[in-house]
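Visitor: Following this message is one structure expressed as structure tokens.
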Amino acid sequence: MRPERMYSSSKSIEGIKSIGKSAEISAMGSSYPADEWTNATQAILSKTGRNLLHHPSHPLAILKDIIFKEFPAFAHYDSLSPVVSTAQNFDSLGFSSDHPGRSKSDTYYINKDTLLRTHTSAHQLQLLVAGTQKDVGLLTQAKNGDKAPGNERFLVAADVYRRDEIDSSHYPVFHQMEGVCTFSRKEIQEMVLKVSADKEATGANGGKSGASSASDSSQTERGGRVAQLMDTTIIGTSNPKQPEHSVSEVDFLAEHMKQSMNRMVIQILTKAMAAKKSSDGQTKGNNVGDAEFPVRWIDAYFPFTSPSWEMEVLYQGEWLEICGCGVMKQGILDAAGKPDRVGWAFGFGLERLAMLLFGIPDIRLFWSNDPRFTEQFLPGQINTFRPISRHPPCTKDVSFWIPSTGEFHENDVMDLVRETAGDLVEGVKLVDSFTHPKTGKTSRCYRINYCSMDRNVTNEEINDIQEKVRDRMVRQLGVALR
């Protein structure tokens with residue numbers, strides 16, 4: 001699931017290998033022709049083969065494996081290539097041609113038709129079609145594939161790429177978990193009828209079709225833990241069902257999806273609270289021995305689900321957004337050759353959840369090879385991160401006039417700094433902006449905070465990097481330094 005973003009077009013960044021009058025760009029061992037859309041930098045492309053999710057003791061891999069175990073009847077994918085077509089990433093999911101997510105200032109393009117996926121949803125149609133056509137090449141990549149041999153249910157864990165700001169919680173490469181669960185319409189009808197018959201036999205009244213109600217306030221138990229559910233969302237004009245679906249189908253899918261999410265969250269947070277208790281002898285907020293996890297559902301919008309929701313959990317006093325989810329657009333299933341099936345889907349970022357669960361303060365640490373970080377974690381266990389020595393930061397400012405012609409986008413600045421300084425940069429922040437009253441020119445000042453995670457850096461080293469940043473800003477962004 002991809003949140004809405006408001007950016008437009010962008011300049012390309014250096015890093016393309018020239019070949020005669022043409023150019024090419026290499027990604028994941030293959031070469032692609034570059035064009036005016038190419039903006040994937042070498043710094044970003046170098047991340048494509050790191051495979052953090054394949055290291056069992058890495059916090060992201062630990063979280064991935066916990067979630068995989070919560071969905072034992074699903075096929076599990078974690079090795080799909082990040083290089084996808086523009087059609088896969090946008091067209092197959094119903095993104096409009098002018099959707100802001102398609103802009104070069106938001107997305108890393110290899111060329112106009114090929115990009116680094118911006119979300120795991122890019123594989124929804126691909127995997128559904130593989131199930132319909134019995135594509136052995138794709139189906140055999142699944143772990144646990146025998147549980148869902150036709151990809152009627154699957155999870156995808158993968159790295160995704162987006163141009164973004166620089167701070168301790170944002171990084172241009174992060175990881176998502178996608179879940180898709182489909183049912184035949186006949187299957188749902190039979191289950192709804194069974195639930196209705198059971199209710200009549202026991203004299204039960206109320207509730208939605210197909211499952212126990214989660215509206216208003218209810219509770220779900222899991223291993224002695226309780227999720228306190230708050231759901232006042234209403235399927236209506238602002239968050240409508242699709243005309244292809246019956247009311248009973250939508251009620252069933254929504255309830256099945258929400259109960260699945262509730263169970264997953266209870267399992268993860270119970271482990272996290274146990275780790276916190278073990279670390280400091282007490283828990284904040286909830287007591288792990290008698291845990292209640294307040295869960296609330298709010299309306300949302302995504303191009304490829306309707307109705308759509310976001311799930312939030314109150315964890316240690318703060319509402320944590322867990323995922324975006326909803327009833328899949330029927331057009332996706334129809335395009336996959338599955339018009340007789342309906343389904344739900346969810347997606348969420350692993351880093352933000354892992355930072356909270358493990359107590360990791362800086363997103364750059366996930367990419368660190370420092371043994372003081374990597375040796376703190378064991379497969380299958382959530383434990384609280386013990387801070388390593390923080391090296392002193394070095395702050396530098398850069399001020400410039402924005403060119404009066406063309407477009408200027410802040411993400412161009414962020415990418416240029418990342419490409420030049422790599423992970424030595426802890427944050428980049430706009431500290432001043434003004435427009436000259438006579439010339440109409442706009443000036444901006446950005447503060448770059450250099451801070452290595454694993455070594456001391458000298459002022460001379462940072463001065464050299466800062467000069468390279470300034471020089472590239474002039475050459476690539478067309479700014480005039482002040």
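Note on naming: chains are A, B, ... as they come in the structure tokens, residues start from 1 per chain, ligands start from 1 in the order shown.
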Can you list, as a ChimeraX atom specification, all residues belonging to range 266-461 of chain A that DSSP tags as helix (DSSP H, G or I)?
Guide: /A:266-280,288-290,330-335,350-358,363-367,371-374,410-424,459-461
Visitor: What's the 12 Å shell around Leu481 in chain A, counting only C-alpha atoms, without same-chain residues fewer than 5 positions away, as a list in words?
Guide: Asp397, Val398, Ser399, Phe400, Trp401, Ile402, Pro403, Thr442, Ser443, Arg444, Cys445, Tyr446, Glu467, Val469, Arg470, Asp471, Arg472, Met473, Val474 and Arg475 of chain A
Visitor: For those residues, write N, CA, C and O atoms to a file as a PDB file, in the first residue's frame.
Guide:
ATOM      1  N   ASP A 397      26.165  24.187   6.704  1.00  0.00           N
ATOM      2  CA  ASP A 397      25.055  24.819   5.999  1.00  0.00           C
ATOM      3  C   ASP A 397      25.444  25.100   4.548  1.00  0.00           C
ATOM      4  O   ASP A 397      26.616  25.345   4.246  1.00  0.00           O
ATOM      5  N   VAL A 398      24.454  25.057   3.677  1.00  0.00           N
ATOM      6  CA  VAL A 398      24.662  25.455   2.288  1.00  0.00           C
ATOM      7  C   VAL A 398      23.465  26.298   1.869  1.00  0.00           C
ATOM      8  O   VAL A 398      22.310  25.905   2.065  1.00  0.00           O
ATOM      9  N   SER A 399      23.757  27.499   1.331  1.00  0.00           N
ATOM     10  CA  SER A 399      22.703  28.423   0.906  1.00  0.00           C
ATOM     11  C   SER A 399      22.840  28.695  -0.590  1.00  0.00           C
ATOM     12  O   SER A 399      23.963  28.772  -1.113  1.00  0.00           O
ATOM     13  N   PHE A 400      21.720  28.855  -1.258  1.00  0.00           N
ATOM     14  CA  PHE A 400      21.764  29.085  -2.704  1.00  0.00           C
ATOM     15  C   PHE A 400      20.471  29.743  -3.180  1.00  0.00           C
ATOM     16  O   PHE A 400      19.441  29.701  -2.512  1.00  0.00           O
ATOM     17  N   TRP A 401      20.576  30.351  -4.364  1.00  0.00           N
ATOM     18  CA  TRP A 401      19.404  30.890  -5.053  1.00  0.00           C
ATOM     19  C   TRP A 401      18.854  29.818  -5.983  1.00  0.00           C
ATOM     20  O   TRP A 401      19.609  29.182  -6.725  1.00  0.00           O
ATOM     21  N   ILE A 402      17.566  29.600  -5.937  1.00  0.00           N
ATOM     22  CA  ILE A 402      16.927  28.631  -6.819  1.00  0.00           C
ATOM     23  C   ILE A 402      16.869  29.195  -8.230  1.00  0.00           C
ATOM     24  O   ILE A 402      16.577  30.387  -8.410  1.00  0.00           O
ATOM     25  N   PRO A 403      17.172  28.403  -9.269  1.00  0.00           N
ATOM     26  CA  PRO A 403      17.114  28.928 -10.643  1.00  0.00           C
ATOM     27  C   PRO A 403      15.709  29.408 -10.991  1.00  0.00           C
ATOM     28  O   PRO A 403      14.713  28.808 -10.589  1.00  0.00           O
ATOM     29  N   THR A 442      14.278  33.278  -5.127  1.00  0.00           N
ATOM     30  CA  THR A 442      14.072  32.554  -3.869  1.00  0.00           C
ATOM     31  C   THR A 442      15.381  31.941  -3.400  1.00  0.00           C
ATOM     32  O   THR A 442      16.091  31.301  -4.176  1.00  0.00           O
ATOM     33  N   SER A 443      15.677  32.160  -2.126  1.00  0.00           N
ATOM     34  CA  SER A 443      16.873  31.592  -1.520  1.00  0.00           C
ATOM     35  C   SER A 443      16.475  30.517  -0.518  1.00  0.00           C
ATOM     36  O   SER A 443      15.463  30.639   0.183  1.00  0.00           O
ATOM     37  N   ARG A 444      17.293  29.459  -0.458  1.00  0.00           N
ATOM     38  CA  ARG A 444      17.091  28.420   0.550  1.00  0.00           C
ATOM     39  C   ARG A 444      18.411  28.093   1.223  1.00  0.00           C
ATOM     40  O   ARG A 444      19.474  28.139   0.595  1.00  0.00           O
ATOM     41  N   CYS A 445      18.298  27.764   2.495  1.00  0.00           N
ATOM     42  CA  CYS A 445      19.465  27.318   3.254  1.00  0.00           C
ATOM     43  C   CYS A 445      19.154  25.973   3.873  1.00  0.00           C
ATOM     44  O   CYS A 445      18.159  25.826   4.597  1.00  0.00           O
ATOM     45  N   TYR A 446      19.995  24.973   3.579  1.00  0.00           N
ATOM     46  CA  TYR A 446      19.832  23.628   4.134  1.00  0.00           C
ATOM     47  C   TYR A 446      20.970  23.343   5.105  1.00  0.00           C
ATOM     48  O   TYR A 446      22.133  23.685   4.843  1.00  0.00           O
ATOM     49  N   GLU A 467      32.384  20.456   0.045  1.00  0.00           N
ATOM     50  CA  GLU A 467      32.744  21.151  -1.188  1.00  0.00           C
ATOM     51  C   GLU A 467      32.235  20.395  -2.416  1.00  0.00           C
ATOM     52  O   GLU A 467      31.799  20.995  -3.394  1.00  0.00           O
ATOM     53  N   VAL A 469      29.571  18.516  -2.442  1.00  0.00           N
ATOM     54  CA  VAL A 469      28.122  18.742  -2.453  1.00  0.00           C
ATOM     55  C   VAL A 469      27.809  20.088  -3.101  1.00  0.00           C
ATOM     56  O   VAL A 469      26.930  20.190  -3.964  1.00  0.00           O
ATOM     57  N   ARG A 470      28.516  21.116  -2.709  1.00  0.00           N
ATOM     58  CA  ARG A 470      28.289  22.455  -3.250  1.00  0.00           C
ATOM     59  C   ARG A 470      28.548  22.481  -4.754  1.00  0.00           C
ATOM     60  O   ARG A 470      27.771  23.069  -5.525  1.00  0.00           O
ATOM     61  N   ASP A 471      29.641  21.864  -5.169  1.00  0.00           N
ATOM     62  CA  ASP A 471      29.983  21.843  -6.595  1.00  0.00           C
ATOM     63  C   ASP A 471      28.919  21.120  -7.414  1.00  0.00           C
ATOM     64  O   ASP A 471      28.497  21.598  -8.485  1.00  0.00           O
ATOM     65  N   ARG A 472      28.452  19.987  -6.921  1.00  0.00           N
ATOM     66  CA  ARG A 472      27.441  19.222  -7.659  1.00  0.00           C
ATOM     67  C   ARG A 472      26.108  19.950  -7.681  1.00  0.00           C
ATOM     68  O   ARG A 472      25.345  19.809  -8.650  1.00  0.00           O
ATOM     69  N   MET A 473      25.792  20.696  -6.640  1.00  0.00           N
ATOM     70  CA  MET A 473      24.549  21.475  -6.644  1.00  0.00           C
ATOM     71  C   MET A 473      24.540  22.479  -7.791  1.00  0.00           C
ATOM     72  O   MET A 473      23.525  22.666  -8.469  1.00  0.00           O
ATOM     73  N   VAL A 474      25.686  23.114  -8.016  1.00  0.00           N
ATOM     74  CA  VAL A 474      25.784  24.086  -9.106  1.00  0.00           C
ATOM     75  C   VAL A 474      25.660  23.384 -10.451  1.00  0.00           C
ATOM     76  O   VAL A 474      24.901  23.806 -11.337  1.00  0.00           O
ATOM     77  N   ARG A 475      26.410  22.298 -10.619  1.00  0.00           N
ATOM     78  CA  ARG A 475      26.441  21.613 -11.910  1.00  0.00           C
ATOM     79  C   ARG A 475      25.137  20.890 -12.235  1.00  0.00           C
ATOM     80  O   ARG A 475      24.681  20.899 -13.380  1.00  0.00           O
TER      81      ARG A 475
END
Visitor: Taking only C-alpha atoms into account, which of A:Ile448, A:Ile322, A:Val295, A:Val129 comes nearest Arg352 in chain A?
Guide: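 When distances to Arg352 in chain A are compared using only C-alpha atoms, the smallest one comes from A:Ile322.
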Visitor: Just list as a ChimeraX atom specification whatever in range 64-255 of chain A DSSP marks as strand (DSSP E or B).
Guide: /A:75-77,83-85,109-111,114-116,143,153-161,167,170,173-184,216-222,225-231,236,239
Visitor: Write out as a PDB file with N, CA, C and O atoms, in the first residue's frame each polymer residue whose atoms come within 10 Å of range 137-142 of chain A, counting only C-alpha atoms; drop sequence neighbours fewer than 3 positions from it.
Guide:
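Done, and the output landed in out-v2.pdb:
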ATOM      1  N   PHE A  74      -0.465 -19.257   3.762  1.00  0.00           N
ATOM      2  CA  PHE A  74      -0.133 -18.382   2.652  1.00  0.00           C
ATOM      3  C   PHE A  74       1.174 -18.825   1.999  1.00  0.00           C
ATOM      4  O   PHE A  74       2.068 -19.344   2.670  1.00  0.00           O
ATOM      5  N   ALA A  75       1.307 -18.583   0.692  1.00  0.00           N
ATOM      6  CA  ALA A  75       2.604 -18.724   0.027  1.00  0.00           C
ATOM      7  C   ALA A  75       3.454 -17.527   0.436  1.00  0.00           C
ATOM      8  O   ALA A  75       2.944 -16.408   0.542  1.00  0.00           O
ATOM      9  N   HIS A  76       4.744 -17.750   0.666  1.00  0.00           N
ATOM     10  CA  HIS A  76       5.630 -16.700   1.164  1.00  0.00           C
ATOM     11  C   HIS A  76       6.707 -16.376   0.135  1.00  0.00           C
ATOM     12  O   HIS A  76       7.474 -17.263  -0.261  1.00  0.00           O
ATOM     13  N   TYR A  77       6.771 -15.121  -0.289  1.00  0.00           N
ATOM     14  CA  TYR A  77       7.774 -14.673  -1.262  1.00  0.00           C
ATOM     15  C   TYR A  77       8.684 -13.638  -0.610  1.00  0.00           C
ATOM     16  O   TYR A  77       8.202 -12.683   0.020  1.00  0.00           O
ATOM     17  N   ASP A  78      10.010 -13.782  -0.767  1.00  0.00           N
ATOM     18  CA  ASP A  78      10.930 -12.767  -0.278  1.00  0.00           C
ATOM     19  C   ASP A  78      12.152 -12.606  -1.179  1.00  0.00           C
ATOM     20  O   ASP A  78      13.182 -12.087  -0.756  1.00  0.00           O
ATOM     21  N   SER A  79      12.024 -13.041  -2.445  1.00  0.00           N
ATOM     22  CA  SER A  79      13.174 -12.968  -3.360  1.00  0.00           C
ATOM     23  C   SER A  79      12.817 -12.364  -4.711  1.00  0.00           C
ATOM     24  O   SER A  79      13.557 -12.548  -5.682  1.00  0.00           O
ATOM     25  N   LEU A  80      11.717 -11.652  -4.808  1.00  0.00           N
ATOM     26  CA  LEU A  80      11.309 -11.075  -6.084  1.00  0.00           C
ATOM     27  C   LEU A  80      12.163  -9.855  -6.414  1.00  0.00           C
ATOM     28  O   LEU A  80      12.448  -9.034  -5.553  1.00  0.00           O
ATOM     29  N   GLN A 126       0.947  -9.738 -10.927  1.00  0.00           N
ATOM     30  CA  GLN A 126       1.943 -10.694 -11.403  1.00  0.00           C
ATOM     31  C   GLN A 126       1.772 -12.065 -10.738  1.00  0.00           C
ATOM     32  O   GLN A 126       1.764 -13.108 -11.412  1.00  0.00           O
ATOM     33  N   LEU A 127       1.602 -12.089  -9.412  1.00  0.00           N
ATOM     34  CA  LEU A 127       1.501 -13.353  -8.698  1.00  0.00           C
ATOM     35  C   LEU A 127       0.130 -14.001  -8.859  1.00  0.00           C
ATOM     36  O   LEU A 127       0.015 -15.234  -8.883  1.00  0.00           O
ATOM     37  N   VAL A 129      -1.687 -13.764 -11.610  1.00  0.00           N
ATOM     38  CA  VAL A 129      -1.619 -14.345 -12.951  1.00  0.00           C
ATOM     39  C   VAL A 129      -0.786 -15.624 -12.935  1.00  0.00           C
ATOM     40  O   VAL A 129      -1.135 -16.622 -13.594  1.00  0.00           O
ATOM     41  N   ALA A 130       0.309 -15.628 -12.177  1.00  0.00           N
ATOM     42  CA  ALA A 130       1.147 -16.829 -12.081  1.00  0.00           C
ATOM     43  C   ALA A 130       0.340 -18.002 -11.556  1.00  0.00           C
ATOM     44  O   ALA A 130       0.520 -19.146 -12.010  1.00  0.00           O
ATOM     45  N   GLY A 131      -0.554 -17.742 -10.613  1.00  0.00           N
ATOM     46  CA  GLY A 131      -1.402 -18.809 -10.098  1.00  0.00           C
ATOM     47  C   GLY A 131      -2.395 -19.306 -11.131  1.00  0.00           C
ATOM     48  O   GLY A 131      -2.627 -20.512 -11.260  1.00  0.00           O
ATOM     49  N   LYS A 134      -0.405 -21.109 -13.865  1.00  0.00           N
ATOM     50  CA  LYS A 134       0.505 -22.133 -13.331  1.00  0.00           C
ATOM     51  C   LYS A 134       1.941 -21.899 -13.810  1.00  0.00           C
ATOM     52  O   LYS A 134       2.618 -22.788 -14.338  1.00  0.00           O
ATOM     53  N   GLY A 145       4.860 -22.683  -0.544  1.00  0.00           N
ATOM     54  CA  GLY A 145       3.975 -22.599  -1.695  1.00  0.00           C
ATOM     55  C   GLY A 145       2.954 -23.709  -1.779  1.00  0.00           C
ATOM     56  O   GLY A 145       1.887 -23.539  -2.388  1.00  0.00           O
ATOM     57  N   ASP A 146       3.236 -24.865  -1.173  1.00  0.00           N
ATOM     58  CA  ASP A 146       2.301 -25.973  -1.227  1.00  0.00           C
ATOM     59  C   ASP A 146       1.016 -25.680  -0.462  1.00  0.00           C
ATOM     60  O   ASP A 146      -0.011 -26.332  -0.687  1.00  0.00           O
ATOM     61  N   ALA A 148      -0.624 -22.851  -0.670  1.00  0.00           N
ATOM     62  CA  ALA A 148      -1.473 -22.054  -1.566  1.00  0.00           C
ATOM     63  C   ALA A 148      -0.912 -22.195  -2.980  1.00  0.00           C
ATOM     64  O   ALA A 148      -0.339 -21.257  -3.537  1.00  0.00           O
ATOM     65  N   PRO A 149      -1.054 -23.380  -3.576  1.00  0.00           N
ATOM     66  CA  PRO A 149      -0.389 -23.669  -4.849  1.00  0.00           C
ATOM     67  C   PRO A 149      -0.832 -22.807  -6.018  1.00  0.00           C
ATOM     68  O   PRO A 149      -0.115 -22.678  -6.999  1.00  0.00           O
ATOM     69  N   GLY A 150      -1.995 -22.196  -5.906  1.00  0.00           N
ATOM     70  CA  GLY A 150      -2.467 -21.315  -6.970  1.00  0.00           C
ATOM     71  C   GLY A 150      -2.307 -19.849  -6.624  1.00  0.00           C
ATOM     72  O   GLY A 150      -2.905 -18.984  -7.280  1.00  0.00           O
ATOM     73  N   ASN A 151      -1.490 -19.528  -5.625  1.00  0.00           N
ATOM     74  CA  ASN A 151      -1.295 -18.155  -5.154  1.00  0.00           C
ATOM     75  C   ASN A 151      -2.616 -17.483  -4.787  1.00  0.00           C
ATOM     76  O   ASN A 151      -2.773 -16.274  -4.932  1.00  0.00           O
ATOM     77  N   PHE A 154      -1.127 -15.102  -0.525  1.00  0.00           N
ATOM     78  CA  PHE A 154       0.333 -14.976  -0.510  1.00  0.00           C
ATOM     79  C   PHE A 154       0.770 -13.746   0.258  1.00  0.00           C
ATOM     80  O   PHE A 154       0.029 -12.773   0.433  1.00  0.00           O
ATOM     81  N   LEU A 155       2.011 -13.816   0.759  1.00  0.00           N
ATOM     82  CA  LEU A 155       2.705 -12.688   1.376  1.00  0.00           C
ATOM     83  C   LEU A 155       3.934 -12.372   0.535  1.00  0.00           C
ATOM     84  O   LEU A 155       4.588 -13.287   0.017  1.00  0.00           O
ATOM     85  N   VAL A 156       4.250 -11.085   0.408  1.00  0.00           N
ATOM     86  CA  VAL A 156       5.464 -10.648  -0.278  1.00  0.00           C
ATOM     87  C   VAL A 156       6.228  -9.719   0.662  1.00  0.00           C
ATOM     88  O   VAL A 156       5.688  -8.697   1.098  1.00  0.00           O
TER      89      VAL A 156
END
Visitor: Restrict the calculation to only C-alpha atoms, then for each residue of range 123-158 of chain A with any atom at most 9 Å from an atom of range 326-334 of chain A give the closest atom pair and their distance in Å to one decimal, rows by chain and rising residue number, as CSV.
Guide:
residue,atom,partner,partner_atom,distance
A:Gln124,CA,A:Ile332,CA,8.2
A:Leu125,CA,A:Ile332,CA,6.3
A:Leu128,CA,A:Leu333,CA,7.5
A:Val129,CA,A:Leu333,CA,8.7
Visitor: When you look at Glu178 in chain A with a cut-off of 8 Å (counting only C-alpha atoms), what residues show up, excluding the ones that are within fewer than 4 positions of it in the same chain? I need them as a list in words.
Guide: Met1, Thr120, Ser121, Leu155, Val156, Ala157, Ala345, Phe346, Gly347 and Phe348 of chain A
